[in-house]
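Student: So that you have it, the file is structure_15.txt, and it contains compact mmCIF, C-alpha atoms:
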# COMPACT_ATOMS: atom_id res chain seq x y z
CA MET A 1 12.91 -32.20 37.48
CA LYS A 2 11.47 -34.85 35.18
CA ASN A 3 7.96 -33.44 35.55
CA ARG A 4 9.23 -29.93 34.92
CA ARG A 5 10.98 -31.01 31.71
CA GLU A 6 7.87 -32.81 30.52
CA PHE A 7 5.75 -29.75 31.30
CA LEU A 8 8.04 -27.46 29.31
CA LYS A 9 8.15 -29.88 26.41
CA THR A 10 4.34 -30.18 26.37
CA ALA A 11 3.94 -26.40 26.60
CA ALA A 12 6.37 -25.86 23.72
CA LEU A 13 4.54 -28.34 21.49
CA ALA A 14 1.19 -26.76 22.32
CA GLY A 15 2.56 -23.32 21.48
CA ALA A 16 3.94 -24.51 18.16
CA SER A 17 0.59 -26.07 17.27
CA ALA A 18 -1.27 -22.88 18.14
CA LEU A 19 1.06 -20.87 15.93
CA ALA A 20 0.73 -23.28 13.03
CA LEU A 21 -3.07 -23.35 12.91
CA PRO A 22 -3.69 -19.78 11.69
CA ALA A 23 -1.14 -20.22 8.92
CA LEU A 24 -2.85 -23.39 7.77
CA ALA A 25 -6.23 -21.71 7.96
CA GLY A 26 -4.96 -18.84 5.84
CA CYS A 27 -3.61 -21.14 3.16
CA GLY A 28 -6.47 -23.61 3.19
CA GLY A 29 -9.37 -21.43 2.16
CA LYS A 30 -12.38 -19.99 3.87
CA ASN A 31 -13.28 -22.88 6.15
CA SER A 32 -12.09 -22.93 9.73
CA ILE A 33 -9.50 -25.60 10.61
CA ALA A 34 -11.08 -26.07 14.02
CA THR A 35 -14.73 -26.49 13.00
CA GLY A 36 -14.78 -26.96 9.26
CA ALA A 37 -17.49 -24.31 9.07
CA ALA A 38 -17.52 -20.95 7.30
CA SER A 39 -18.60 -17.80 9.09
CA THR A 40 -22.30 -16.96 8.84
CA LEU A 41 -22.47 -13.48 7.32
CA ILE A 42 -25.49 -11.30 8.12
CA VAL A 43 -24.52 -8.58 5.62
CA PRO A 44 -24.80 -8.80 1.82
CA LYS A 45 -21.78 -10.48 0.31
CA ASN A 46 -19.61 -8.92 -2.38
CA ALA A 47 -21.04 -5.43 -1.85
CA GLY A 48 -17.65 -3.71 -1.76
CA LEU A 49 -15.05 -2.80 -4.35
CA PRO A 50 -12.56 -5.72 -4.49
CA ILE A 51 -8.90 -5.03 -3.83
CA THR A 52 -7.01 -5.52 -7.10
CA GLY A 53 -3.70 -3.88 -6.25
CA THR A 54 -1.23 -3.72 -3.40
CA PHE A 55 1.85 -1.82 -2.42
CA LEU A 56 5.04 -3.79 -1.79
CA ASP A 57 6.70 -2.24 1.26
CA GLU A 58 10.26 -3.49 1.40
CA ILE A 59 11.81 -0.13 2.26
CA SER A 60 9.89 1.00 5.31
CA HIS A 61 10.37 3.16 8.36
CA ASP A 62 7.41 2.29 10.57
CA ILE A 63 6.58 -1.41 10.08
CA PRO A 64 8.99 -4.33 10.57
CA HIS A 65 10.73 -6.21 7.80
CA GLN A 66 9.72 -9.83 7.36
CA ASN A 67 13.11 -10.74 5.86
CA TRP A 68 11.61 -12.73 3.01
CA GLY A 69 13.63 -14.17 0.18
CA GLU A 70 12.40 -14.93 -3.32
CA ARG A 71 10.67 -18.15 -2.25
CA GLU A 72 8.50 -16.30 0.28
CA TRP A 73 7.77 -13.48 -2.15
CA ASP A 74 6.80 -15.97 -4.85
CA MET A 75 4.33 -17.58 -2.44
CA ASP A 76 2.93 -14.18 -1.51
CA PHE A 77 2.32 -13.32 -5.15
CA GLN A 78 0.37 -16.58 -5.39
CA HIS A 79 -1.79 -15.57 -2.41
CA MET A 80 -2.38 -12.16 -4.01
CA LYS A 81 -3.34 -13.70 -7.33
CA ALA A 82 -5.81 -16.04 -5.62
CA ILE A 83 -7.98 -13.10 -4.50
CA GLY A 84 -7.79 -11.17 -7.76
CA ILE A 85 -4.86 -8.80 -7.25
CA ASP A 86 -3.50 -7.84 -10.66
CA THR A 87 -1.26 -4.87 -9.81
CA VAL A 88 1.73 -4.56 -7.48
CA ILE A 89 3.34 -1.24 -6.62
CA MET A 90 6.81 -0.93 -5.10
CA ILE A 91 6.03 1.83 -2.64
CA ARG A 92 9.44 3.44 -2.94
CA SER A 93 12.69 2.43 -4.61
CA GLY A 94 14.64 3.76 -1.68
CA TYR A 95 14.23 5.62 1.59
CA ARG A 96 17.14 7.75 2.79
CA LYS A 97 20.17 5.44 2.48
CA PHE A 98 18.43 2.08 2.01
CA ILE A 99 17.59 1.17 -1.59
CA THR A 100 15.90 -1.71 -3.41
CA TYR A 101 18.24 -2.06 -6.37
CA PRO A 102 21.94 -1.33 -7.02
CA SER A 103 21.42 2.17 -8.37
CA GLU A 104 24.65 3.53 -9.76
CA TYR A 105 23.45 7.07 -9.08
CA LEU A 106 22.16 6.51 -5.52
CA LEU A 107 25.23 4.51 -4.49
CA LYS A 108 27.32 7.53 -5.43
CA GLN A 109 25.08 9.63 -3.15
CA GLY A 110 26.08 7.50 -0.16
CA CYS A 111 23.27 4.95 -0.18
CA TYR A 112 23.92 1.41 1.04
CA ARG A 113 24.31 -1.45 -1.45
CA PRO A 114 21.41 -3.94 -1.13
CA SER A 115 22.15 -7.66 -0.82
CA VAL A 116 19.71 -8.55 -3.63
CA ASP A 117 18.12 -6.67 -6.49
CA LEU A 118 14.53 -6.47 -5.25
CA LEU A 119 13.39 -4.45 -8.24
CA ASP A 120 14.51 -7.15 -10.66
CA MET A 121 12.88 -9.82 -8.46
CA TYR A 122 9.54 -8.00 -8.29
CA LEU A 123 9.49 -7.46 -12.05
CA ARG A 124 10.21 -11.14 -12.69
CA LEU A 125 7.56 -12.30 -10.21
CA ALA A 126 5.02 -9.87 -11.67
CA ALA A 127 5.71 -11.32 -15.12
CA LYS A 128 5.47 -14.88 -13.80
CA HIS A 129 2.09 -14.28 -12.17
CA GLY A 130 0.64 -12.06 -14.88
CA MET A 131 0.60 -8.85 -12.86
CA LYS A 132 1.30 -5.22 -13.68
CA PHE A 133 4.22 -3.63 -11.80
CA TYR A 134 4.37 0.05 -10.88
CA PHE A 135 7.72 1.56 -9.87
CA GLY A 136 7.78 3.83 -6.81
CA LEU A 137 10.21 6.75 -6.97
CA TYR A 138 13.07 7.43 -4.54
CA ASP A 139 12.37 9.15 -1.21
CA SER A 140 15.43 10.98 0.15
CA GLY A 141 13.70 11.73 3.46
CA LYS A 142 14.26 15.46 3.03
CA TYR A 143 10.55 16.05 2.53
CA TRP A 144 9.86 14.49 5.93
CA ASP A 145 12.53 16.68 7.49
CA THR A 146 11.61 19.97 5.81
CA GLY A 147 8.02 19.64 4.60
CA ASP A 148 9.17 20.65 1.11
CA LEU A 149 8.57 18.13 -1.68
CA THR A 150 10.70 19.91 -4.28
CA TRP A 151 13.80 18.23 -2.81
CA GLU A 152 12.73 15.01 -4.47
CA ILE A 153 12.84 16.32 -8.03
CA GLU A 154 16.63 16.40 -8.37
CA HIS A 155 17.34 12.83 -7.22
CA ASN A 156 14.49 11.37 -9.23
CA LYS A 157 15.69 13.06 -12.42
CA TYR A 158 18.46 10.48 -12.43
CA VAL A 159 16.53 7.59 -10.88
CA ILE A 160 13.70 7.72 -13.45
CA ASP A 161 16.08 7.65 -16.43
CA GLU A 162 18.30 4.98 -14.88
CA VAL A 163 15.42 2.66 -13.97
CA TRP A 164 13.70 2.92 -17.32
CA LYS A 165 16.93 2.22 -19.20
CA ASN A 166 17.96 -0.76 -17.05
CA TYR A 167 14.57 -2.29 -16.17
CA GLY A 168 11.67 -0.65 -17.97
CA GLU A 169 12.95 -1.46 -21.43
CA LYS A 170 13.77 -5.02 -20.33
CA TYR A 171 10.54 -6.15 -18.63
CA ASP A 172 7.06 -6.09 -20.14
CA SER A 173 5.65 -6.26 -16.60
CA PHE A 174 6.82 -2.66 -15.99
CA LYS A 175 3.47 -0.92 -16.52
CA GLY A 176 3.56 2.37 -14.65
CA TRP A 177 4.93 4.75 -12.04
CA TYR A 178 4.05 5.67 -8.48
CA ILE A 179 5.09 9.20 -7.45
CA SER A 180 5.88 8.27 -3.89
CA GLY A 181 5.67 11.56 -2.00
CA GLU A 182 2.91 11.13 0.59
CA ILE A 183 1.33 14.53 0.95
CA SER A 184 -1.78 16.20 2.21
CA ARG A 185 -3.13 19.70 1.67
CA LYS A 186 -0.84 22.72 1.51
CA THR A 187 2.35 20.66 1.14
CA LYS A 188 5.09 22.99 -0.04
CA GLY A 189 6.18 22.29 -3.61
CA ALA A 190 3.61 19.51 -4.18
CA ILE A 191 2.22 20.76 -7.48
CA THR A 192 5.67 21.58 -8.89
CA ALA A 193 7.14 18.24 -7.81
CA PHE A 194 4.26 16.03 -8.92
CA ARG A 195 4.02 17.78 -12.25
CA ALA A 196 7.77 17.58 -12.94
CA MET A 197 8.23 13.97 -11.86
CA GLY A 198 5.00 12.80 -13.48
CA LYS A 199 5.94 14.44 -16.79
CA GLN A 200 9.41 12.89 -16.80
CA CYS A 201 8.02 9.42 -16.01
CA LYS A 202 5.54 9.65 -18.86
CA ASP A 203 8.01 11.17 -21.33
CA VAL A 204 10.73 8.58 -20.78
CA SER A 205 8.37 5.57 -20.90
CA GLY A 206 6.19 6.53 -23.83
CA GLY A 207 3.24 7.61 -21.71
CA LEU A 208 2.95 4.85 -19.09
CA PRO A 209 0.45 5.85 -16.37
CA THR A 210 1.38 7.58 -13.11
CA PHE A 211 -0.47 7.80 -9.83
CA ILE A 212 -0.25 9.34 -6.36
CA SER A 213 -1.57 8.26 -2.95
CA PRO A 214 -1.97 11.29 -0.68
CA TRP A 215 -3.69 11.41 2.70
CA ILE A 216 -6.82 13.22 3.77
CA ASP A 217 -6.10 15.61 6.64
CA GLY A 218 -8.84 14.09 8.79
CA LYS A 219 -9.20 13.54 12.51
CA LYS A 220 -6.91 10.47 12.44
CA ALA A 221 -4.11 12.20 10.50
CA VAL A 222 -1.57 12.15 13.32
CA MET A 223 2.12 11.32 13.18
CA ALA A 224 2.88 7.61 13.48
CA ALA A 225 5.38 8.32 16.26
CA SER A 226 2.74 10.22 18.24
CA GLY A 227 0.87 8.68 21.14
CA GLN A 228 -2.32 10.31 19.92
CA MET A 229 -4.91 8.58 17.77
CA SER A 230 -6.90 11.66 16.74
CA LYS A 231 -6.73 15.45 16.56
CA GLN A 232 -9.13 18.37 16.73
CA ASP A 233 -8.09 20.46 13.71
CA ALA A 234 -9.38 18.09 11.01
CA VAL A 235 -10.11 19.35 7.51
CA SER A 236 -13.74 19.86 6.51
CA VAL A 237 -15.17 18.30 3.37
CA ARG A 238 -15.52 21.77 1.87
CA GLU A 239 -11.89 22.71 2.57
CA HIS A 240 -10.74 19.34 1.23
CA GLU A 241 -12.60 19.92 -2.04
CA LYS A 242 -11.23 23.44 -2.49
CA GLU A 243 -7.61 22.63 -1.72
CA TRP A 244 -7.45 19.41 -3.69
CA GLY A 245 -9.20 21.05 -6.60
CA GLU A 246 -6.28 23.46 -6.79
CA ILE A 247 -3.74 20.61 -6.62
CA PHE A 248 -5.54 18.49 -9.24
CA ASP A 249 -5.76 21.49 -11.53
CA GLY A 250 -1.98 21.91 -11.26
CA ILE A 251 -1.06 18.28 -11.97
CA LYS A 252 -3.68 17.30 -14.55
CA GLY A 253 -2.14 15.63 -17.58
CA THR A 254 0.92 14.40 -15.68
CA VAL A 255 -0.85 12.30 -13.01
CA ASP A 256 -3.36 9.72 -14.25
CA ALA A 257 -4.87 8.43 -11.00
CA CYS A 258 -5.20 9.43 -7.36
CA ALA A 259 -5.62 6.85 -4.57
CA PHE A 260 -6.38 8.76 -1.39
CA GLN A 261 -5.44 6.88 1.79
CA ASP A 262 -8.74 6.02 3.46
CA GLY A 263 -7.69 5.59 7.08
CA HIS A 264 -7.50 9.19 8.28
CA ILE A 265 -11.23 9.86 8.40
CA ASP A 266 -13.95 8.21 10.46
CA TYR A 267 -16.22 5.54 9.02
CA ASP A 268 -19.30 7.78 9.03
CA GLU A 269 -17.36 10.37 6.99
CA LEU A 270 -16.40 8.02 4.18
CA ASP A 271 -19.21 8.82 1.75
CA ALA A 272 -18.88 12.59 2.10
CA PHE A 273 -15.15 12.58 1.31
CA PHE A 274 -15.35 9.78 -1.26
CA GLU A 275 -18.03 11.63 -3.20
CA VAL A 276 -15.80 14.72 -3.39
CA ASN A 277 -12.77 12.66 -4.42
CA LYS A 278 -14.68 11.06 -7.28
CA LYS A 279 -16.10 14.42 -8.41
CA LEU A 280 -12.62 15.99 -8.47
CA ALA A 281 -11.06 13.06 -10.31
CA ASP A 282 -13.77 13.16 -12.98
CA LYS A 283 -13.45 16.93 -13.36
CA TYR A 284 -9.68 16.84 -13.91
CA GLY A 285 -9.50 13.69 -16.03
CA MET A 286 -8.02 11.28 -13.47
CA GLN A 287 -9.01 7.82 -12.36
CA CYS A 288 -10.33 7.68 -8.81
CA TRP A 289 -8.71 4.86 -6.82
CA THR A 290 -8.86 4.20 -3.10
CA ASN A 291 -5.93 3.14 -0.95
CA ALA A 292 -7.88 0.82 1.34
CA GLU A 293 -5.55 0.54 4.30
CA THR A 294 -5.46 -2.95 5.78
CA PHE A 295 -3.87 -1.78 9.01
CA ASP A 296 -5.76 -0.30 11.94
CA ARG A 297 -5.37 3.37 12.90
CA ASP A 298 -7.82 3.12 15.80
CA MET A 299 -5.48 1.35 18.22
CA PRO A 300 -2.59 2.61 20.35
CA ILE A 301 -0.37 -0.15 18.94
CA LYS A 302 0.96 0.94 15.56
CA PHE A 303 0.38 -0.93 13.33
CA LEU A 304 -1.65 -4.16 13.37
CA PRO A 305 -4.01 -5.77 10.80
CA ILE A 306 -7.41 -4.09 10.62
CA LYS A 307 -10.70 -5.54 11.81
CA PHE A 308 -12.50 -7.00 8.80
CA ASP A 309 -15.70 -4.95 9.27
CA LYS A 310 -13.69 -1.72 9.10
CA LEU A 311 -12.14 -2.79 5.81
CA ARG A 312 -15.53 -3.94 4.51
CA MET A 313 -17.14 -0.57 5.27
CA LYS A 314 -14.39 1.29 3.43
CA LEU A 315 -14.61 -0.93 0.35
CA GLU A 316 -18.40 -0.64 0.30
CA ALA A 317 -18.14 3.16 0.38
CA ALA A 318 -15.72 3.03 -2.56
CA LYS A 319 -18.16 0.93 -4.56
CA ARG A 320 -21.11 3.18 -3.71
CA ASN A 321 -19.17 6.14 -5.05
CA ASN A 322 -18.16 4.39 -8.29
CA TYR A 323 -14.43 4.30 -7.67
CA ASP A 324 -12.30 2.84 -10.45
CA LYS A 325 -9.92 0.64 -8.45
CA ALA A 326 -9.03 -0.38 -4.89
CA ILE A 327 -5.43 -0.91 -3.88
CA THR A 328 -4.13 -1.50 -0.37
CA PHE A 329 -1.31 -0.71 1.94
CA GLU A 330 -0.41 -3.38 2.32
CA PHE A 331 -1.10 -7.03 1.58
CA SER A 332 2.11 -8.71 2.66
CA HIS A 333 2.17 -7.45 6.25
CA PHE A 334 -1.51 -7.01 7.02
CA MET A 335 -3.45 -9.49 4.88
CA SER A 336 -1.13 -12.29 3.80
CA PRO A 337 -1.55 -15.83 5.16
CA GLN A 338 2.22 -15.93 5.66
CA SER A 339 2.53 -12.55 7.38
CA ALA A 340 4.43 -12.24 10.65
CA TYR A 341 1.10 -11.10 12.10
CA LEU A 342 -1.22 -14.07 12.70
CA GLN A 343 -4.26 -11.80 12.40
CA ALA A 344 -3.39 -11.10 8.76
CA GLY A 345 -4.17 -14.66 7.67
CA HIS A 346 -7.53 -14.45 9.40
CA LEU A 347 -8.28 -11.18 7.58
CA TYR A 348 -7.47 -12.99 4.33
CA ASP A 349 -9.99 -15.71 5.23
CA ARG A 350 -12.71 -13.21 6.18
CA TYR A 351 -12.10 -11.30 2.94
CA LYS A 352 -12.52 -14.49 0.90
CA GLU A 353 -15.72 -15.42 2.71
CA TYR A 354 -17.16 -12.02 1.87
CA PHE A 355 -16.06 -11.70 -1.76
CA PHE A 356 -16.01 -15.32 -2.88
Show this structure as structure tokens.
Tutor:
Amino acid sequence: MKNRREFLKTAALAGASALALPALAGCGGKNSIATGAASTLIVPKNAGLPITGTFLDEISHDIPHQNWGEREWDMDFQHMKAIGIDTVIMIRSGYRKFITYPSEYLLKQGCYRPSVDLLDMYLRLAAKHGMKFYFGLYDSGKYWDTGDLTWEIEHNKYVIDEVWKNYGEKYDSFKGWYISGEISRKTKGAITAFRAMGKQCKDVSGGLPTFISPWIDGKKAVMAASGQMSKQDAVSVREHEKEWGEIFDGIKGTVDACAFQDGHIDYDELDAFFEVNKKLADKYGMQCWTNAETFDRDMPIKFLPIKFDKLRMKLEAAKRNNYDKAITFEFSHFMSPQSAYLQAGHLYDRYKEYFF
């Protein structure tokens, strides 16, 4: 029994040490803890568009909560700042009944009261670290149930006014709006909803910028709950250009930037689609951003941090096509040195080796 106890104790200590090393490596810079040596890159460094913005996903339905408090969030903002992130975007202020702040309106609609005011915390941390904060609108879930985005207009009529009055006028870090409906082509009510919500956001805030982050209906555009990783009926580049040209034409003037999610197409398709996206944005007076996903869509396990070379290829394509900004979904889970996923800290290290 003595030997068994000693074995278990030794195994536990070894396990704790193994878990601690990646976290230290993530915090300590680009050199490996084990060898003290940086990776030897055989590709040109700093050839991609750097990530300068990230979503904050605290109201999610398909990735786990990390249950961070303000101390952990403060540390994460420091990690973001260290690699040049200057913009944080709360991906949604609420999803169905869970909300990020004690909204008087949404509480009356049956939403649950949050234990802390995350919106206030994010605005304060953004101010502390010199970052711009974008507010993500409320998602009732009805769009996901019905496929009709016009449901979101009514709730957000109240949310937009309430948030600007209680937070936007109070914090200088409140710099813009994210219209949070994730759509692709032929989404019912998309033009009407984006135009209405974008106009209200700009009107109430004196013209602060708005942006959207839709998805390309490519071969990897499958439901997260599906066991599939790809599909046959993917959109062509020509169809994508035609359909999104119609959408951009309908929302011009009320949406200032579009950050297409980049994970639904294959890596050898990036330039073809990115070139079209940039051409459309220029034509309709929008900034062309990329939502450089830092999670991997090529694996049956959904979702884990992406392989660095996949992220690198996407950022290089964005730079080749003269994109204006790269944001990501999402730093805290998939790239942060303090993420619950150990691989995320390693991605942070590989990113720093490449860009810095």
Student: Which residue out of A:Ile306, A:Leu125, A:Cys201, A:Val235 has the minimum interatomic distance to A:Glu162 when all atoms listed in the file are used?
Tutor: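 Distance minimum relative to A:Glu162 lands on A:Cys201.
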Student: Can you measure atom CA of A:Gly147 to atom CA of A:Tyr284 for me? One decimal in Å is fine.
Tutor: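 Separation of atom CA of A:Gly147 and atom CA of A:Tyr284: 25.8 Å.
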Student: Record the distance separating atom CA of A:Gly207 and atom CA of A:Gly176, expressed in Å with one decimal.
Tutor: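 Computing the Euclidean distance for atom CA of A:Gly207 and atom CA of A:Gly176 yields 8.8 Å.
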Student: May I have the residues at most 12 Å from (15.6, -6.9, -8.3) in the file's coordinates, counting only C-alpha atoms, as a count of residues only?
Tutor: 29
Student: Suppose you want the space between atom CA of A:Thr328 and atom CA of A:Lys188; what is it in Å?
Tutor: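 So the answer is 26.2 Å.
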Student: Just checking: using all atoms listed in the file, which residue out of A:Asp203, A:Asp57, A:Asp233, A:Asp145 ends up closest to A:Lys157?
Tutor: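 Of A:Asp203, A:Asp57, A:Asp233, A:Asp145, the one nearest A:Lys157, counting all atoms listed in the file, is A:Asp203.
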Student: Select, from A:Lys242, A:Lys186, A:Arg297, A:Arg92, the residue with the minimum atom-to-atom distance to A:Leu56, counting all atoms listed in the file.
Tutor: A:Arg92
Student: Would you be able to write out as an MDAnalysis selection string which residues have an atom within 9 Å of (-0.5, -12.1, 15.6) in the file's coordinates, counting only C-alpha atoms?
Tutor: chainID A and resid 19 304:305 339:344
Student: Choose the residue, out of A:Lys325, A:His264, A:Arg185, A:Lys220, that has the smallest atom-to-atom separation from A:Gln287; count only C-alpha atoms.
Tutor: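 Of A:Lys325, A:His264, A:Arg185, A:Lys220, the one nearest A:Gln287 is A:Lys325, counting only C-alpha atoms.
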Student: May I have the residues within 7 Å of A:Ile251 as a list of chain:residue names, using all atoms listed in the file and disregarding those fewer than 2 positions away in the same chain?
Tutor: A:Ile191, A:Phe194, A:Arg195, A:Ile247, A:Phe248, A:Asp249, A:Gly253, A:Thr254, A:Val255
Student: Name the closest residue to A:Ile212 among the candidates A:Gly110, A:Ile327, A:Gly168, A:Glu353; distances are taken between atoms, counting only C-alpha atoms.
Tutor: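 Among the listed residues, the smallest separation from A:Ile212 belongs to A:Ile327.
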Student: Of the candidates A:Asn322, A:Ser205, A:Thr187, A:Thr290, which one gets nearest to A:Asp217 if we count all atoms listed in the file?
Tutor: A:Thr187
Student: Which residues of stretch 317-349 of chain A sit at most 12 Å from stretch 59-68 of chain A, using all atoms listed in the file? Give each one's shortest atom pair and distance in Å (one decimal place), in chain and ascending residue order, as a tab-separated table.
Tutor:
residue	atom	partner	partner_atom	distance
A:Phe329	CA	A:Ile63	CA	11.4
A:Glu330	CA	A:Ile63	CA	10.6
A:Ser332	CA	A:Gln66	CA	9.0
A:His333	CA	A:Gln66	CA	8.0
A:Phe334	CA	A:Ile63	CA	10.3
A:Ser336	CA	A:Gln66	CA	11.7
A:Gln338	CA	A:Gln66	CA	9.8
A:Ser339	CA	A:Gln66	CA	7.7
A:Ala340	CA	A:Gln66	CA	6.7
A:Tyr341	CA	A:Gln66	CA	9.9
